[in-house]
Structures are given as C-alpha cells and as structure tokens.
$ cat final.tsv   # TSV, C-alpha atoms
chain	number	residue	atom	x	y	z
A	2	MET	CA	66.20	21.04	-53.05
A	3	SER	CA	65.75	23.89	-55.51
A	4	LYS	CA	66.69	27.56	-55.49
A	5	ARG	CA	65.73	30.73	-57.25
A	6	THR	CA	66.61	34.37	-56.65
A	7	SER	CA	63.47	36.32	-57.57
A	8	GLY	CA	61.39	35.34	-54.55
A	9	LEU	CA	61.46	35.84	-50.80
A	10	ASN	CA	63.85	34.49	-48.19
A	11	ILE	CA	61.32	32.48	-46.20
A	12	HIS	CA	62.64	30.31	-43.35
A	13	GLY	CA	60.64	27.56	-41.68
A	14	ILE	CA	58.72	24.31	-42.09
A	15	ILE	CA	55.22	23.66	-43.38
A	16	LEU	CA	53.43	20.40	-42.67
A	17	LEU	CA	51.49	19.52	-45.80
A	18	ASP	CA	48.76	16.91	-46.09
A	19	LYS	CA	49.73	15.78	-49.57
A	20	ARG	CA	46.83	14.76	-51.76
A	21	LEU	CA	46.68	11.66	-53.93
A	22	GLY	CA	47.94	11.71	-57.50
A	23	VAL	CA	50.74	14.27	-57.27
A	24	SER	CA	54.45	13.79	-56.77
A	25	SER	CA	56.14	15.19	-53.68
A	26	ASN	CA	58.09	17.62	-55.85
A	27	LYS	CA	54.93	18.96	-57.50
A	28	ALA	CA	53.33	19.39	-54.09
A	29	LEU	CA	56.43	21.23	-52.92
A	30	GLN	CA	56.37	23.60	-55.89
A	31	GLU	CA	52.67	24.34	-55.38
A	32	VAL	CA	53.26	25.41	-51.77
A	33	ARG	CA	56.45	27.22	-52.70
A	34	ARG	CA	54.52	29.41	-55.12
A	35	LEU	CA	52.11	30.39	-52.34
A	36	PHE	CA	55.05	31.72	-50.33
A	37	ASN	CA	57.08	32.90	-53.35
A	38	ALA	CA	60.00	31.30	-51.53
A	39	ASN	CA	63.53	31.31	-52.93
A	40	LYS	CA	64.73	27.98	-51.54
A	41	ALA	CA	62.69	24.88	-50.73
A	42	GLY	CA	62.96	21.13	-50.27
A	43	HIS	CA	61.02	18.21	-48.83
A	44	THR	CA	62.04	15.59	-46.28
A	45	GLY	CA	61.53	12.28	-48.03
A	46	ALA	CA	59.24	11.70	-50.96
A	47	LEU	CA	55.78	10.22	-50.91
A	48	ASP	CA	54.76	8.39	-54.09
A	49	PRO	CA	51.81	9.83	-56.05
A	50	LEU	CA	49.76	6.87	-54.77
A	51	ALA	CA	50.46	7.96	-51.18
A	52	SER	CA	48.88	10.81	-49.27
A	53	GLY	CA	49.45	12.34	-45.88
A	54	LEU	CA	52.16	14.11	-43.96
A	55	LEU	CA	54.90	15.73	-46.05
A	56	PRO	CA	57.10	18.22	-44.17
A	57	LEU	CA	58.32	20.99	-46.49
A	58	CYS	CA	61.39	23.04	-45.63
A	59	PHE	CA	61.98	26.61	-46.78
A	60	GLY	CA	65.15	28.70	-46.67
A	61	GLU	CA	67.50	27.81	-43.85
A	62	ALA	CA	65.18	24.99	-42.78
A	63	THR	CA	66.48	23.02	-45.77
A	64	LYS	CA	69.64	22.52	-43.71
A	65	VAL	CA	67.74	20.24	-41.32
A	66	SER	CA	65.87	18.32	-44.04
A	67	ALA	CA	68.63	15.70	-44.28
A	68	LEU	CA	68.39	15.11	-40.53
A	69	MET	CA	64.61	14.70	-40.80
A	70	LEU	CA	65.09	11.93	-43.35
A	71	ASP	CA	66.32	9.79	-40.43
A	72	ASP	CA	63.08	10.21	-38.49
A	73	ASP	CA	60.82	7.27	-37.70
A	74	LYS	CA	57.56	7.20	-39.66
A	75	ARG	CA	54.00	5.97	-39.14
A	76	TYR	CA	51.68	4.86	-41.97
A	77	GLN	CA	48.23	3.47	-42.62
A	78	VAL	CA	48.36	1.01	-45.50
A	79	THR	CA	45.84	-1.12	-47.37
A	80	VAL	CA	47.24	-4.39	-48.74
A	81	GLN	CA	45.39	-6.20	-51.54
A	82	LEU	CA	46.09	-9.92	-51.18
A	83	GLY	CA	46.27	-12.27	-54.14
A	84	VAL	CA	47.77	-9.67	-56.49
A	85	MET	CA	51.41	-8.79	-57.18
A	86	THR	CA	52.56	-5.87	-59.34
A	87	ASP	CA	55.96	-4.93	-60.72
A	88	THR	CA	56.09	-1.79	-58.57
A	89	GLY	CA	54.62	-3.24	-55.39
A	90	ASP	CA	51.61	-0.93	-55.54
A	91	ALA	CA	48.45	-0.36	-57.55
A	92	GLU	CA	50.25	1.91	-60.04
A	93	GLY	CA	52.22	-1.01	-61.45
A	94	ALA	CA	51.38	-3.75	-63.90
A	95	VAL	CA	50.00	-6.99	-62.49
A	96	ILE	CA	52.65	-9.70	-62.79
A	97	ALA	CA	51.03	-12.45	-60.70
A	98	THR	CA	47.74	-13.45	-59.13
A	99	LEU	CA	47.34	-16.18	-56.54
A	100	PRO	CA	44.42	-17.54	-54.57
A	101	VAL	CA	44.08	-16.22	-51.04
A	102	PRO	CA	43.74	-19.00	-48.46
A	103	PRO	CA	41.14	-18.64	-45.72
A	104	LEU	CA	42.69	-16.41	-43.06
A	105	THR	CA	41.78	-16.35	-39.39
A	106	GLN	CA	42.50	-13.45	-37.06
A	107	ASP	CA	45.01	-15.67	-35.25
A	108	ALA	CA	46.83	-16.51	-38.48
A	109	ILE	CA	47.06	-12.85	-39.46
A	110	ALA	CA	48.26	-11.86	-35.98
A	111	ALA	CA	50.93	-14.58	-36.03
A	112	CYS	CA	52.10	-13.38	-39.44
A	113	LEU	CA	52.35	-9.75	-38.33
A	114	ARG	CA	54.41	-10.77	-35.31
A	115	GLN	CA	57.01	-12.19	-37.71
A	116	PHE	CA	57.52	-8.71	-39.14
A	117	THR	CA	57.58	-6.81	-35.84
A	118	GLY	CA	60.87	-5.76	-34.31
A	119	ALA	CA	64.30	-5.76	-35.92
A	120	ILE	CA	64.07	-7.42	-39.34
A	121	GLU	CA	65.89	-7.49	-42.65
A	122	GLN	CA	64.20	-6.20	-45.79
A	123	VAL	CA	65.22	-6.36	-49.44
A	124	PRO	CA	64.54	-2.97	-51.09
A	125	PRO	CA	62.25	-3.02	-54.15
A	126	MET	CA	63.55	-2.51	-57.67
A	127	TYR	CA	61.25	0.48	-57.98
A	128	SER	CA	63.21	2.65	-55.54
A	129	ALA	CA	65.66	5.54	-55.71
A	130	LEU	CA	68.55	3.45	-54.40
A	131	LYS	CA	71.47	3.29	-56.80
A	132	HIS	CA	73.32	0.43	-58.46
A	133	GLN	CA	76.58	1.35	-60.17
A	134	GLY	CA	75.52	4.99	-60.27
A	135	LYS	CA	72.05	4.38	-61.71
A	136	LYS	CA	68.78	4.49	-59.79
A	137	LEU	CA	67.08	1.14	-59.38
A	138	TYR	CA	63.76	2.37	-60.77
A	139	GLU	CA	65.55	3.47	-63.94
A	140	LEU	CA	66.91	-0.05	-64.36
A	141	ALA	CA	63.50	-1.53	-63.56
A	142	ARG	CA	61.89	0.55	-66.30
A	143	GLU	CA	64.41	-0.93	-68.71
A	144	GLY	CA	63.37	-4.41	-67.63
A	145	ILE	CA	66.59	-4.98	-65.69
A	146	THR	CA	66.58	-6.62	-62.28
A	147	VAL	CA	69.69	-6.62	-60.09
A	148	GLU	CA	70.42	-8.31	-56.78
A	149	ARG	CA	69.78	-6.08	-53.77
A	150	LYS	CA	71.26	-6.61	-50.34
A	151	ALA	CA	68.87	-6.90	-47.44
A	152	ARG	CA	68.94	-3.95	-45.06
A	153	HIS	CA	68.35	-3.80	-41.32
A	154	ILE	CA	65.16	-1.96	-40.40
A	155	HIS	CA	62.90	-1.85	-37.37
A	156	ILE	CA	59.13	-2.23	-37.29
A	157	TYR	CA	58.05	-0.79	-33.94
A	158	GLU	CA	54.34	-1.48	-34.38
A	159	LEU	CA	52.34	-3.47	-36.92
A	160	VAL	CA	48.65	-3.34	-36.06
A	161	LEU	CA	45.74	-4.90	-37.94
A	162	LEU	CA	42.98	-2.28	-38.27
A	163	SER	CA	40.59	-4.34	-40.38
A	164	ALA	CA	40.52	-7.40	-42.62
A	165	THR	CA	38.34	-8.89	-45.35
A	166	ALA	CA	38.79	-12.14	-47.26
A	167	ASP	CA	41.44	-10.57	-49.51
A	168	GLN	CA	42.40	-7.22	-48.00
A	169	LEU	CA	44.22	-5.98	-44.90
A	170	MET	CA	44.34	-2.49	-43.46
A	171	LEU	CA	47.39	-2.00	-41.25
A	172	GLU	CA	49.04	0.71	-39.20
A	173	VAL	CA	52.84	0.60	-39.32
A	174	ALA	CA	55.36	2.45	-37.18
A	175	CYS	CA	58.82	1.96	-38.64
A	176	SER	CA	62.40	3.16	-38.84
A	177	LYS	CA	64.03	5.03	-41.70
A	178	GLY	CA	64.76	2.94	-44.76
A	179	THR	CA	61.55	0.91	-44.51
A	180	TYR	CA	59.73	0.25	-47.78
A	181	ILE	CA	56.04	-0.30	-47.10
A	182	ARG	CA	55.60	-1.84	-50.56
A	183	SER	CA	58.18	-4.50	-49.76
A	184	LEU	CA	56.58	-5.09	-46.36
A	185	ALA	CA	53.19	-5.62	-48.05
A	186	GLU	CA	54.70	-8.10	-50.50
A	187	ASP	CA	56.48	-9.99	-47.73
A	188	ILE	CA	53.32	-10.19	-45.62
A	189	GLY	CA	51.40	-11.51	-48.64
A	190	HIS	CA	54.00	-14.24	-49.20
A	191	ALA	CA	54.01	-15.16	-45.50
A	192	LEU	CA	50.22	-15.60	-45.67
A	193	GLY	CA	50.57	-18.08	-48.52
A	194	THR	CA	49.68	-15.71	-51.34
A	195	CYS	CA	51.00	-12.38	-52.63
A	196	GLY	CA	50.15	-8.75	-51.92
A	197	THR	CA	50.41	-5.21	-53.18
A	198	VAL	CA	49.73	-1.74	-51.73
A	199	THR	CA	46.49	-0.12	-52.88
A	200	ALA	CA	46.42	2.81	-50.45
A	201	LEU	CA	49.07	4.46	-48.27
A	202	ARG	CA	48.79	7.42	-45.93
A	203	ARG	CA	51.62	8.82	-43.82
A	204	LEU	CA	50.36	9.62	-40.33
A	205	ALA	CA	53.52	10.86	-38.64
A	206	ALA	CA	57.19	11.66	-39.23
A	207	GLY	CA	59.44	12.16	-36.24
A	208	GLN	CA	57.78	14.56	-33.81
A	209	PHE	CA	55.26	15.80	-36.40
A	210	SER	CA	51.80	14.31	-36.95
A	211	LEU	CA	49.23	14.50	-39.71
A	212	ALA	CA	46.82	16.22	-37.31
A	213	GLU	CA	49.05	19.31	-37.53
A	214	ALA	CA	49.19	19.35	-41.33
A	215	LYS	CA	47.32	21.60	-43.77
A	216	THR	CA	46.01	20.73	-47.21
A	217	LEU	CA	46.99	22.79	-50.24
A	218	GLU	CA	43.46	24.20	-50.33
A	219	GLU	CA	43.71	25.34	-46.71
A	220	LEU	CA	47.05	27.01	-47.35
A	221	ALA	CA	45.84	28.65	-50.55
A	222	ALA	CA	42.94	30.23	-48.65
A	223	MET	CA	45.36	32.04	-46.27
A	224	ASP	CA	46.73	35.54	-46.75
A	225	MET	CA	50.49	36.02	-46.50
A	226	PRO	CA	50.61	37.01	-42.79
A	227	THR	CA	48.62	33.89	-41.91
A	228	LEU	CA	50.84	31.73	-44.12
A	229	LEU	CA	53.95	33.08	-42.43
A	230	ALA	CA	52.42	32.47	-39.01
A	231	THR	CA	51.86	28.83	-40.03
A	232	LEU	CA	55.60	28.24	-40.49
A	233	ILE	CA	57.24	26.05	-37.86
A	234	ALA	CA	60.55	27.34	-36.49
A	235	VAL	CA	63.72	26.08	-38.15
A	236	ASP	CA	65.05	24.60	-34.92
A	237	LYS	CA	61.89	22.66	-33.98
A	238	PRO	CA	63.07	19.34	-35.52
A	239	LEU	CA	66.24	19.63	-33.41
A	240	ALA	CA	64.41	19.93	-30.09
A	241	GLY	CA	65.83	16.62	-28.90
A	242	LEU	CA	69.38	18.04	-28.82
A	243	PRO	CA	70.76	19.93	-25.79
A	244	SER	CA	70.73	23.72	-26.11
A	245	VAL	CA	73.58	26.07	-25.26
A	246	GLN	CA	73.31	29.81	-24.65
A	247	LEU	CA	76.22	31.90	-25.94
A	248	SER	CA	77.32	35.41	-25.12
A	249	GLU	CA	77.56	38.00	-27.88
A	250	ALA	CA	81.35	37.54	-28.04
A	251	GLN	CA	81.02	33.75	-28.19
A	252	ALA	CA	78.40	34.01	-30.92
A	253	ILE	CA	80.68	36.19	-33.01
A	254	SER	CA	83.51	33.65	-32.71
A	255	ILE	CA	81.18	30.81	-33.70
A	256	ARG	CA	79.99	32.77	-36.74
A	257	TYR	CA	83.62	33.14	-37.81
A	258	GLY	CA	84.08	29.37	-37.60
A	259	GLN	CA	86.16	29.45	-34.42
A	260	THR	CA	85.94	27.07	-31.48
A	261	ILE	CA	85.02	28.53	-28.10
A	262	ALA	CA	85.66	27.41	-24.55
A	263	TYR	CA	82.48	26.05	-22.97
A	264	PRO	CA	83.12	23.58	-20.13
A	265	ALA	CA	80.03	21.43	-19.78
A	266	SER	CA	79.05	17.81	-19.19
A	267	ILE	CA	77.42	17.58	-22.62
A	268	GLU	CA	78.61	15.42	-25.48
A	269	GLY	CA	77.88	15.43	-29.19
A	270	SER	CA	75.73	17.86	-31.15
A	271	VAL	CA	74.14	20.88	-29.46
A	272	ARG	CA	71.83	23.71	-30.48
A	273	LEU	CA	73.45	27.12	-30.26
A	274	TYR	CA	71.57	30.28	-29.29
A	275	GLU	CA	72.38	33.92	-28.64
A	276	GLY	CA	69.38	34.91	-26.56
A	277	PRO	CA	66.30	33.79	-28.53
A	278	LEU	CA	68.23	33.73	-31.83
A	279	PHE	CA	69.03	30.26	-33.15
A	280	LEU	CA	72.56	30.22	-34.55
A	281	GLY	CA	72.86	26.61	-35.64
A	282	LEU	CA	74.47	23.38	-34.53
A	283	GLY	CA	77.73	22.94	-32.68
A	284	GLU	CA	79.77	19.97	-31.54
A	285	MET	CA	81.00	19.57	-27.96
A	286	LEU	CA	84.64	18.55	-28.11
A	287	LEU	CA	86.51	16.47	-25.56
A	288	ASP	CA	88.73	19.43	-24.61
A	289	GLY	CA	85.83	21.45	-23.23
A	290	LYS	CA	85.22	23.50	-26.35
A	291	ILE	CA	82.40	23.91	-28.85
A	292	ALA	CA	83.12	23.83	-32.58
A	293	PRO	CA	80.61	25.19	-35.11
A	294	LYS	CA	79.05	22.37	-37.10
A	295	LYS	CA	76.20	23.81	-39.20
A	296	LEU	CA	75.34	27.50	-38.94
A	297	PHE	CA	72.03	29.13	-39.90
A	298	ASN	CA	71.21	32.62	-41.07
A	299	ILE	CA	67.49	33.03	-40.49
A	300	ASN	CA	67.72	36.80	-40.77
A	301	GLY	CA	68.84	36.58	-44.40

$ encode --input "final.tsv" --output "structure tokens"
Amino acid sequence: MSKRTSGLNIHGIILLDKRLGVSSNKALQEVRRLFNANKAGHTGALDPLASGLLPLCFGEATKVSALMLDDDKRYQVTVQLGVMTDTGDAEGAVIATLPVPPLTQDAIAACLRQFTGAIEQVPPMYSALKHQGKKLYELAREGITVERKARHIHIYELVLLSATADQLMLEVACSKGTYIRSLAEDIGHALGTCGTVTALRRLAAGQFSLAEAKTLEELAAMDMPTLLATLIAVDKPLAGLPSVQLSEAQAISIRYGQTIAYPASIEGSVRLYEGPLFLGLGEMLLDGKIAPKKLFNING
C-alpha cells in the first residue's frame, strides 16, 4: 500500500482486468493516477505473465485488502508439458526438458483427481515467502535453494478445458496460498514428464468475477464522475458478515473506542452501521457487548 498527500481522498474498490506484461504495482499506479487518489493498494499480486481480475483498493478500502487476500480464487491456466523452468512459468530459464508420454483423456482425468480436494503443496522458490527474513525469490536469484515446508491448500475444482499432445488448458478453483506454478509442475511430474505455466488468467476472487472488471483503456476513457460511479463500496467485500444498526449515541461511543451494550445472538465479527453509513467492523463479546475492531472514515 502506498500513500501521498497531494491527491484526493477516494474510497472504494475497482475491479481491474490486468493486462499481460505489467506488474500488479504498475497496474495499480496507472489506475491510481486516473483517480488522483491519495492512498491505494491491491489485494494479492498477479505476476506480469498473468492477466485478469485484480481488485484495487483506494482510501479506506485498503483496510479490507488484507481480508480479501484470504479469498478463494479461480484461474484459467495453460500448462506446457515436457518443459521445466526455474520460475515455474514461461518467464524463467529452461532447466529441464523431458519427453511427454502419450496421454489419454482417462489418464489426464485420473491425474487431476489426485490434485483435487485437500492437498499439500511445496511453495516455489520464486515466491514472496520469507526465509530468515529474506524473500525466497531474492535467494533464488542468487542461486540459493532452501527447503520449504509443504502447506495445506484446497483445490475445489480442477477441470480440463482442452488438451493437445503436450499442452493442457485447465480451470482451477482454489484456496488462498495456492501456487498455480507449483500445481502445474506437480501435474507434469504426475503425468510422467514435467510442466510449466505459459498462460494464466484470474477469473474470480472471492465474490468478484472477471466479468465485472474493466480494462485500463476502459477506465481511461471515463470522465471523473463515471470513474467515481464505478467504485464498489468499501463494505462490499464484508457482505458475508452480520450487520448491526447502531443509534447515534452508540455510534459515537464506538468511534471513541468504547464498548457498547448490544444483546444479540450473534458471535464474532460484525459490520457496524449508523443508518446507511458504514462505520467499520466490531466484535460481539460474550458479555453481550460490541467492541470496535476496525473503524472506517469514508467521509474523510
């Protein structure tokens, strides 16, 4: 997330269809300039090789970006069989080539079933995970490989869209923490060869889909009122949480960081409102009170 003080206090979320060849941060800055927004951040990077849905958060919406990182994702991926690169995708250097055995539809389907459901996955060296305070991709660029612990992930769907003698196109619905590059490599190995990602497109993230997204060109063609009308409300990603309506007096107490009495049969996090105004997140306590958890100031 980055801040500046010479722009506008814009609050909301834009769904960007990120184009190929640019980093997520560059894409963010391009859209930020269109809005002249003071504060902006994205909700999980897409590599330059990847395109598709990239939710961008502005102003107070950056407070929900961390929660959106936990959302399930959906991708369309092309896997080149018989080739392995150091990065797991077509941007890396080829480090191995293997023949691709003849593959039947049944063999591919059986392989994909192995990777559907709850599985363990070893993160790639070219990732932003840290080892002793240093990012793995930084170590990888120095030629250093370290042992990585397998992590629990969930592949909800793994569908074969098309196949040739040496290429698969798949649709993947997965949990947070899933590395599609590692999945492609593992599928290649399970098919008796190797594999690398040559194309990746994010189709959905949480409740948001690519069908709702705009390209940079589409956004750039809008005037400011239309741009502002395109913003998604700050509280939209939190729609799955129960909502609580507060009186004016209760809202004032919450804003001052005080707990308020609110007997209800709700547990955990709740959305707080004063009329139509979204105040932020609260926590229902066991003693029948609500404590402020994360407050928003969308009027600022």

$ closest_residue --input "final.tsv" --among "A:Gly83, A:Gly289, A:Gly207, A:His12" --to "Phe36 (chain A)" --atoms "all atoms listed in the file"
A:His12

$ atom_distance --input "final.tsv" --atom1 "CA of Gly241 (chain A)" --atom2 "CA of Arg33 (chain A)"
27.7 Å

$ residues_around --input "final.tsv" --residues "Pro293 (chain A)" --least-positions-apart "6" --cutoff "12 Å" --atoms "all atoms listed in the file" --output "ChimeraX atom specification"
/A:251-262,269-274,280-286

$ axis_aligned_box --input "final.tsv" --around "region 250-261 of chain A" --padding-each-side "4 Å" --output "AutoDock Vina command-line options"
--center_x 82.3 --center_y 32.3 --center_z -32.9 --size_x 15.8 --size_y 18.5 --size_z 17.8

$ closest_residue --input "final.tsv" --among "A:Cys58, A:Ala200, A:Arg34, A:Val160" --to "Leu232 (chain A)" --atoms "only C-alpha atoms"
A:Cys58

$ closest_residue --input "final.tsv" --among "A:Glu219, A:His43, A:Lys150, A:Ala185" --to "Leu113 (chain A)" --atoms "only C-alpha atoms"
A:Ala185

$ residues_around --input "final.tsv" --residues "Glu61 (chain A)" --least-positions-apart "4" --cutoff "7 Å" --atoms "all atoms listed in the file" --output "PDB file with C-alpha atoms, keeping the file's coordinate frame"
ATOM      1  CA  HIS A  12      62.640  30.310 -43.350  1.00  0.00           C
ATOM      2  CA  PHE A 297      72.030  29.130 -39.900  1.00  0.00           C
ATOM      3  CA  ASN A 298      71.210  32.620 -41.070  1.00  0.00           C
ATOM      4  CA  ILE A 299      67.490  33.030 -40.490  1.00  0.00           C
TER       5      ILE A 299
END

$ closest_residue --input "final.tsv" --among "A:Asp73, A:Asp90, A:Asp18, A:Glu31" --to "Ser52 (chain A)" --atoms "all atoms listed in the file"
A:Asp18

$ atom_distance --input "final.tsv" --atom1 "CA of Lys27 (chain A)" --atom2 "CA of Leu204 (chain A)"
20.1 Å
